[in-house]
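What follows is a short report on a single structure.
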Amino acid sequence: QGVHSRLCMGAGGRYQKRTIGRIIRIMLMRGDMRIVLIVVTVVAGLIVTVQMMRSRSLVPDTWSTFSKGTNDCGVAGKTKCKQGDDAHGDRPTAFRRWRQPNITQSVSEIIGGTWFRVENHVVKVSDKTTVNDWMWVEVPDMVNCLVQDVKGNFLMYKQEKYGIPGSSLAPVGGYVTEGESGMDACKREVLEEMKMECQEFVPLGMYRTDANRGAGWYHGFHAKMCTKSKKTALSDDMELAIPRSLTKEQLLKELLGGNVKEVKWAATLALALLKDSK
């Protein structure tokens with residue numbers, strides 16, 4: 001009955017309803033149940049197909065295992081999606097594009113902006129299970145740098161952020177721009193925010209921010225032997241930031257005391273202190 005009523009919606013619905021109803025009554029009177037079942041199955045298939053076409057018009061496919069890079073990926077200029085050669089996906093723009101070979105079946109963009117893109121992935125998690133509504137978020141890669149001056153003090157900021165209640169201690173950080181490596185971004189951010197240059201940059205690793213939802217990749221660095229620079233660079237930070245200088249003992253106390261309230265910031269401090277203690 002649901003299939004019957006849906007088919008009869010729209011212009012001419014009453015006429016269609018009477019006509020289809022007559023055909024089904026005649027078939028039932030003749031005892032042609034197999035034909036009735038075939039007709040119902042075909043009608044149901046047509047309805048499902050129409051619904052799928054409508055949903056795709058709202059959320060168009062931007063990538064699939066059968067069509068790699070032929071459609072719009074949701075960025076300015078209709079940049080094509082490509083299957084990357086490296087383990088972290090191709091990166092034709094500041095956004096990475098995550099595709100797992102033989103697992104990611106298709107990708108559709110839901111909404112996008114300058115600093116984010118929300119996608120729906122169809123993910124084959126096993127031979128028997130496929131998730132059709134796997135929400136995925138892409139943002140540009142991020143970098144955090146723990147700055148240490150020539151005296152051995154750690155230079156940070158006490159600052160406020162929209163997503164954090166109150167204030168928090170924070171290292172230097174920002175987005176990795178297109179064409180930059182994580183280390184290039186760290187050097188630029190230290191110069192912009194601290195007006196300093198450093199003699200050594202110790203990589204702390206590259207990590208996925210959210211294992212099941214994406215949210216970009218984090219690059220951590222420990223910048224050592226930093227001094228004031230004569231170069232000038234403009235910072236685009238809008239939040240209030242108060243400079244802080246801490247000894248190693250003070251830094252550890254603040255970290256363990258919960259005063260570093262963002263997980264990437266806390267990871268940067270912890271990794272640097274652990275690596276430096278070896």
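Identifiers for the structure tokens are assigned positionally: chains receive A, B, ... in sequence, residues are indexed from 1 per chain, and ligands are indexed from 1 in the order shown.
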
Write out as a compact mmCIF listing (two decimals) with C-alpha atoms, in the first residue's frame all residues of range 102-156 of chain A that backbone DSSP assigns to strand (DSSP E or B).
# COMPACT_ATOMS: atom_id res chain seq x y z
CA THR A 104 36.45 3.69 0.68
CA GLN A 105 33.69 3.07 -1.85
CA SER A 106 32.60 6.64 -2.51
CA VAL A 107 32.85 10.18 -1.12
CA SER A 108 30.28 12.97 -1.23
CA GLU A 109 30.77 16.50 0.02
CA ILE A 110 28.06 17.80 2.35
CA ILE A 111 29.37 21.29 3.12
CA GLY A 112 32.69 23.09 2.83
CA ARG A 117 35.10 20.27 4.53
CA VAL A 118 32.45 17.80 5.77
CA GLU A 119 32.04 14.65 3.69
CA ASN A 120 29.92 11.51 3.68
CA HIS A 121 32.00 8.39 3.02
CA VAL A 122 30.67 4.98 2.07
CA VAL A 123 33.04 2.61 3.87
CA LYS A 124 33.34 -1.15 3.45
CA THR A 130 29.23 -1.43 4.53
CA VAL A 131 28.57 1.84 6.36
CA ASN A 132 26.76 4.28 4.06
CA ASP A 133 26.83 7.34 6.34
CA TRP A 134 30.39 7.57 7.67
CA MET A 135 30.81 11.26 8.51
CA TRP A 136 34.29 12.61 7.72
CA VAL A 137 35.81 16.04 8.41
CA GLU A 138 38.79 17.50 6.59
CA MET A 142 48.14 21.75 11.84
CA VAL A 143 51.51 22.36 13.47
CA ASN A 144 52.49 23.03 17.10
CA CYS A 145 56.00 24.08 18.15
CA LEU A 146 57.35 24.18 21.68
CA VAL A 147 59.85 27.07 21.68
CA GLN A 148 62.95 27.01 23.93
CA ASP A 149 65.36 29.94 24.07
CA PHE A 154 60.24 27.46 27.40
CA LEU A 155 58.29 30.27 25.76
CA MET A 156 54.53 29.90 25.58

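For the atom pair formed by CA of Lys261 in chain A and CA of Gly173 in chain A, the distance is 14.3 Å, given to one decimal.
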
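When the distance limit is 9 Å and only C-alpha atoms are what count, the residues near range 204-207 of chain A, minus those fewer than 3 positions from it on the same chain, are A:Gly182, A:Asp210, A:Gly216, A:Trp217, A:Tyr218, A:His219, A:Gly220, A:Phe221, A:His222, A:Thr268, A:Leu271, A:Ala272, A:Lys275.
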
Preceding selection exported with N, CA, C and O atoms as a PDB file, in the first residue's frame:
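Result saved to selection_4.pdb:
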ATOM      1  N   GLY A 182      55.736  20.411   7.378  1.00  0.00           N
ATOM      2  CA  GLY A 182      55.456  20.716   8.771  1.00  0.00           C
ATOM      3  C   GLY A 182      56.538  21.597   9.384  1.00  0.00           C
ATOM      4  O   GLY A 182      56.246  22.538  10.136  1.00  0.00           O
ATOM      5  N   ASP A 210      41.794  12.760  14.656  1.00  0.00           N
ATOM      6  CA  ASP A 210      40.667  11.922  15.072  1.00  0.00           C
ATOM      7  C   ASP A 210      40.669  10.673  14.212  1.00  0.00           C
ATOM      8  O   ASP A 210      40.516  10.742  12.993  1.00  0.00           O
ATOM      9  N   GLY A 216      42.063  16.334   9.987  1.00  0.00           N
ATOM     10  CA  GLY A 216      43.420  16.736   9.648  1.00  0.00           C
ATOM     11  C   GLY A 216      44.512  15.954  10.363  1.00  0.00           C
ATOM     12  O   GLY A 216      44.253  15.013  11.100  1.00  0.00           O
ATOM     13  N   TRP A 217      45.741  16.393  10.108  1.00  0.00           N
ATOM     14  CA  TRP A 217      46.927  15.771  10.701  1.00  0.00           C
ATOM     15  C   TRP A 217      47.686  16.817  11.515  1.00  0.00           C
ATOM     16  O   TRP A 217      47.760  17.988  11.145  1.00  0.00           O
ATOM     17  N   TYR A 218      48.245  16.363  12.620  1.00  0.00           N
ATOM     18  CA  TYR A 218      49.011  17.234  13.518  1.00  0.00           C
ATOM     19  C   TYR A 218      50.501  16.947  13.383  1.00  0.00           C
ATOM     20  O   TYR A 218      50.929  15.798  13.383  1.00  0.00           O
ATOM     21  N   HIS A 219      51.307  18.003  13.250  1.00  0.00           N
ATOM     22  CA  HIS A 219      52.763  17.896  13.218  1.00  0.00           C
ATOM     23  C   HIS A 219      53.310  18.578  14.473  1.00  0.00           C
ATOM     24  O   HIS A 219      52.965  19.727  14.755  1.00  0.00           O
ATOM     25  N   GLY A 220      54.162  17.878  15.211  1.00  0.00           N
ATOM     26  CA  GLY A 220      54.735  18.460  16.416  1.00  0.00           C
ATOM     27  C   GLY A 220      56.231  18.694  16.275  1.00  0.00           C
ATOM     28  O   GLY A 220      56.939  17.888  15.656  1.00  0.00           O
ATOM     29  N   PHE A 221      56.738  19.792  16.869  1.00  0.00           N
ATOM     30  CA  PHE A 221      58.167  20.121  16.817  1.00  0.00           C
ATOM     31  C   PHE A 221      58.607  20.755  18.130  1.00  0.00           C
ATOM     32  O   PHE A 221      57.832  21.455  18.793  1.00  0.00           O
ATOM     33  N   HIS A 222      59.863  20.503  18.475  1.00  0.00           N
ATOM     34  CA  HIS A 222      60.511  21.178  19.595  1.00  0.00           C
ATOM     35  C   HIS A 222      61.571  22.090  18.992  1.00  0.00           C
ATOM     36  O   HIS A 222      62.582  21.614  18.450  1.00  0.00           O
ATOM     37  N   THR A 268      52.225  18.034  22.383  1.00  0.00           N
ATOM     38  CA  THR A 268      53.483  18.677  21.991  1.00  0.00           C
ATOM     39  C   THR A 268      54.420  18.805  23.184  1.00  0.00           C
ATOM     40  O   THR A 268      55.604  18.467  23.109  1.00  0.00           O
ATOM     41  N   LEU A 271      55.511  15.166  24.465  1.00  0.00           N
ATOM     42  CA  LEU A 271      56.463  14.515  23.561  1.00  0.00           C
ATOM     43  C   LEU A 271      57.839  15.178  23.632  1.00  0.00           C
ATOM     44  O   LEU A 271      58.871  14.501  23.631  1.00  0.00           O
ATOM     45  N   ALA A 272      57.862  16.519  23.686  1.00  0.00           N
ATOM     46  CA  ALA A 272      59.126  17.231  23.759  1.00  0.00           C
ATOM     47  C   ALA A 272      59.869  16.919  25.060  1.00  0.00           C
ATOM     48  O   ALA A 272      61.082  16.682  25.042  1.00  0.00           O
ATOM     49  N   LYS A 275      61.102  13.230  24.927  1.00  0.00           N
ATOM     50  CA  LYS A 275      62.210  13.059  23.988  1.00  0.00           C
ATOM     51  C   LYS A 275      63.464  13.734  24.499  1.00  0.00           C
ATOM     52  O   LYS A 275      64.582  13.233  24.313  1.00  0.00           O
TER      53      LYS A 275
END

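Distances from A:Lys195, A:Leu274, A:Lys158, A:Trp115 to Glu254 in chain A were compared using only C-alpha atoms, and the smallest one belongs to A:Lys158.
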
Checklist entry - Please, which residues of range 113-219 of chain A, numbered as in this document, come out helix (DSSP H, G or I) from DSSP, as a PyMOL selection string? => result chain A and resi 182-194

Write the residues of the selection above to a file with all heavy atoms, as an mmCIF file, in the first residue's frame.
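That gives us result08.cif:
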data_model
loop_
_atom_site.group_PDB
_atom_site.id
_atom_site.type_symbol
_atom_site.label_atom_id
_atom_site.label_comp_id
_atom_site.auth_asym_id
_atom_site.auth_seq_id
_atom_site.Cartn_x
_atom_site.Cartn_y
_atom_site.Cartn_z
ATOM 1 N N GLY A 182 55.736 20.411 7.378
ATOM 2 C CA GLY A 182 55.456 20.716 8.771
ATOM 3 C C GLY A 182 56.538 21.597 9.384
ATOM 4 O O GLY A 182 56.246 22.538 10.136
ATOM 5 N N MET A 183 57.800 21.319 9.059
ATOM 6 C CA MET A 183 58.904 22.110 9.610
ATOM 7 C C MET A 183 58.900 23.533 9.064
ATOM 8 O O MET A 183 59.157 24.487 9.810
ATOM 9 C CB MET A 183 60.247 21.432 9.312
ATOM 10 C CG MET A 183 61.427 22.121 9.994
ATOM 11 S SD MET A 183 62.990 21.206 9.816
ATOM 12 C CE MET A 183 62.647 19.743 10.788
ATOM 13 N N ASP A 184 58.585 23.685 7.783
ATOM 14 C CA ASP A 184 58.480 25.030 7.202
ATOM 15 C C ASP A 184 57.420 25.836 7.938
ATOM 16 O O ASP A 184 57.609 27.018 8.245
ATOM 17 C CB ASP A 184 58.112 24.947 5.721
ATOM 18 C CG ASP A 184 59.251 24.413 4.869
ATOM 19 O OD1 ASP A 184 60.410 24.518 5.299
ATOM 20 O OD2 ASP A 184 58.973 23.886 3.769
ATOM 21 N N ALA A 185 56.286 25.195 8.212
ATOM 22 C CA ALA A 185 55.191 25.864 8.910
ATOM 23 C C ALA A 185 55.595 26.242 10.327
ATOM 24 O O ALA A 185 55.249 27.324 10.815
ATOM 25 C CB ALA A 185 53.953 24.974 8.928
ATOM 26 N N CYS A 186 56.350 25.371 10.990
ATOM 27 C CA CYS A 186 56.814 25.654 12.345
ATOM 28 C C CYS A 186 57.731 26.876 12.358
ATOM 29 O O CYS A 186 57.574 27.784 13.184
ATOM 30 C CB CYS A 186 57.530 24.432 12.916
ATOM 31 S SG CYS A 186 58.134 24.648 14.608
ATOM 32 N N LYS A 187 58.672 26.926 11.436
ATOM 33 C CA LYS A 187 59.587 28.070 11.349
ATOM 34 C C LYS A 187 58.814 29.359 11.104
ATOM 35 O O LYS A 187 59.094 30.398 11.713
ATOM 36 C CB LYS A 187 60.601 27.839 10.219
ATOM 37 C CG LYS A 187 61.584 26.718 10.501
ATOM 38 C CD LYS A 187 62.521 26.515 9.310
ATOM 39 C CE LYS A 187 63.512 25.382 9.584
ATOM 40 N NZ LYS A 187 64.419 25.167 8.427
ATOM 41 N N ARG A 188 57.838 29.301 10.205
ATOM 42 C CA ARG A 188 57.049 30.498 9.890
ATOM 43 C C ARG A 188 56.239 30.953 11.100
ATOM 44 O O ARG A 188 56.191 32.151 11.426
ATOM 45 C CB ARG A 188 56.114 30.202 8.708
ATOM 46 C CG ARG A 188 55.163 31.342 8.392
ATOM 47 C CD ARG A 188 54.261 31.011 7.209
ATOM 48 N NE ARG A 188 53.566 29.743 7.364
ATOM 49 C CZ ARG A 188 52.514 29.573 8.148
ATOM 50 N NH1 ARG A 188 52.030 30.580 8.864
ATOM 51 N NH2 ARG A 188 51.927 28.384 8.223
ATOM 52 N N GLU A 189 55.599 29.999 11.794
ATOM 53 C CA GLU A 189 54.763 30.347 12.940
ATOM 54 C C GLU A 189 55.596 30.925 14.088
ATOM 55 O O GLU A 189 55.171 31.878 14.755
ATOM 56 C CB GLU A 189 53.989 29.118 13.419
ATOM 57 C CG GLU A 189 52.889 28.640 12.478
ATOM 58 C CD GLU A 189 51.700 29.581 12.440
ATOM 59 O OE1 GLU A 189 51.594 30.463 13.314
ATOM 60 O OE2 GLU A 189 50.872 29.447 11.522
ATOM 61 N N VAL A 190 56.789 30.385 14.319
ATOM 62 C CA VAL A 190 57.666 30.909 15.377
ATOM 63 C C VAL A 190 58.074 32.345 15.063
ATOM 64 O O VAL A 190 58.091 33.212 15.948
ATOM 65 C CB VAL A 190 58.906 30.015 15.558
ATOM 66 C CG1 VAL A 190 59.924 30.668 16.497
ATOM 67 C CG2 VAL A 190 58.505 28.654 16.109
ATOM 68 N N LEU A 191 58.369 32.604 13.792
ATOM 69 C CA LEU A 191 58.750 33.956 13.391
ATOM 70 C C LEU A 191 57.560 34.912 13.510
ATOM 71 O O LEU A 191 57.700 36.041 13.995
ATOM 72 C CB LEU A 191 59.288 33.945 11.960
ATOM 73 C CG LEU A 191 59.764 35.297 11.406
ATOM 74 C CD1 LEU A 191 60.925 35.854 12.232
ATOM 75 C CD2 LEU A 191 60.175 35.156 9.935
ATOM 76 N N GLU A 192 56.382 34.469 13.083
ATOM 77 C CA GLU A 192 55.200 35.321 13.124
ATOM 78 C C GLU A 192 54.767 35.631 14.556
ATOM 79 O O GLU A 192 54.460 36.777 14.892
ATOM 80 C CB GLU A 192 54.039 34.648 12.376
ATOM 81 C CG GLU A 192 54.199 34.618 10.870
ATOM 82 C CD GLU A 192 53.060 33.903 10.174
ATOM 83 O OE1 GLU A 192 52.165 33.371 10.879
ATOM 84 O OE2 GLU A 192 53.058 33.862 8.934
ATOM 85 N N GLU A 193 54.717 34.604 15.395
ATOM 86 C CA GLU A 193 54.144 34.769 16.730
ATOM 87 C C GLU A 193 55.157 35.212 17.778
ATOM 88 O O GLU A 193 54.840 36.002 18.668
ATOM 89 C CB GLU A 193 53.467 33.466 17.169
ATOM 90 C CG GLU A 193 52.282 33.073 16.308
ATOM 91 C CD GLU A 193 51.559 31.864 16.846
ATOM 92 O OE1 GLU A 193 51.691 31.563 18.046
ATOM 93 O OE2 GLU A 193 50.842 31.200 16.060
ATOM 94 N N MET A 194 56.388 34.685 17.682
ATOM 95 C CA MET A 194 57.401 34.991 18.701
ATOM 96 C C MET A 194 58.447 35.994 18.212
ATOM 97 O O MET A 194 59.261 36.468 19.015
ATOM 98 C CB MET A 194 58.111 33.699 19.129
ATOM 99 C CG MET A 194 57.245 32.733 19.897
ATOM 100 S SD MET A 194 57.094 33.240 21.611
ATOM 101 C CE MET A 194 56.195 31.865 22.305
#

Item to check | Residue among A:Pro243, A:Gly45, A:Pro171, A:Gly214 lying closest to Ala266 in chain A, counting only C-alpha atoms | outcome: A:Pro171

Next on the checklist: Env of Lys161 in chain A: 12 Å cut, atoms = only C-alpha atoms, seq-sep filter 4 positions within chain, self excluded. Answer as a ChimeraX atom specification.
Outcome noted: /A:157,165-170,237-241,260-262
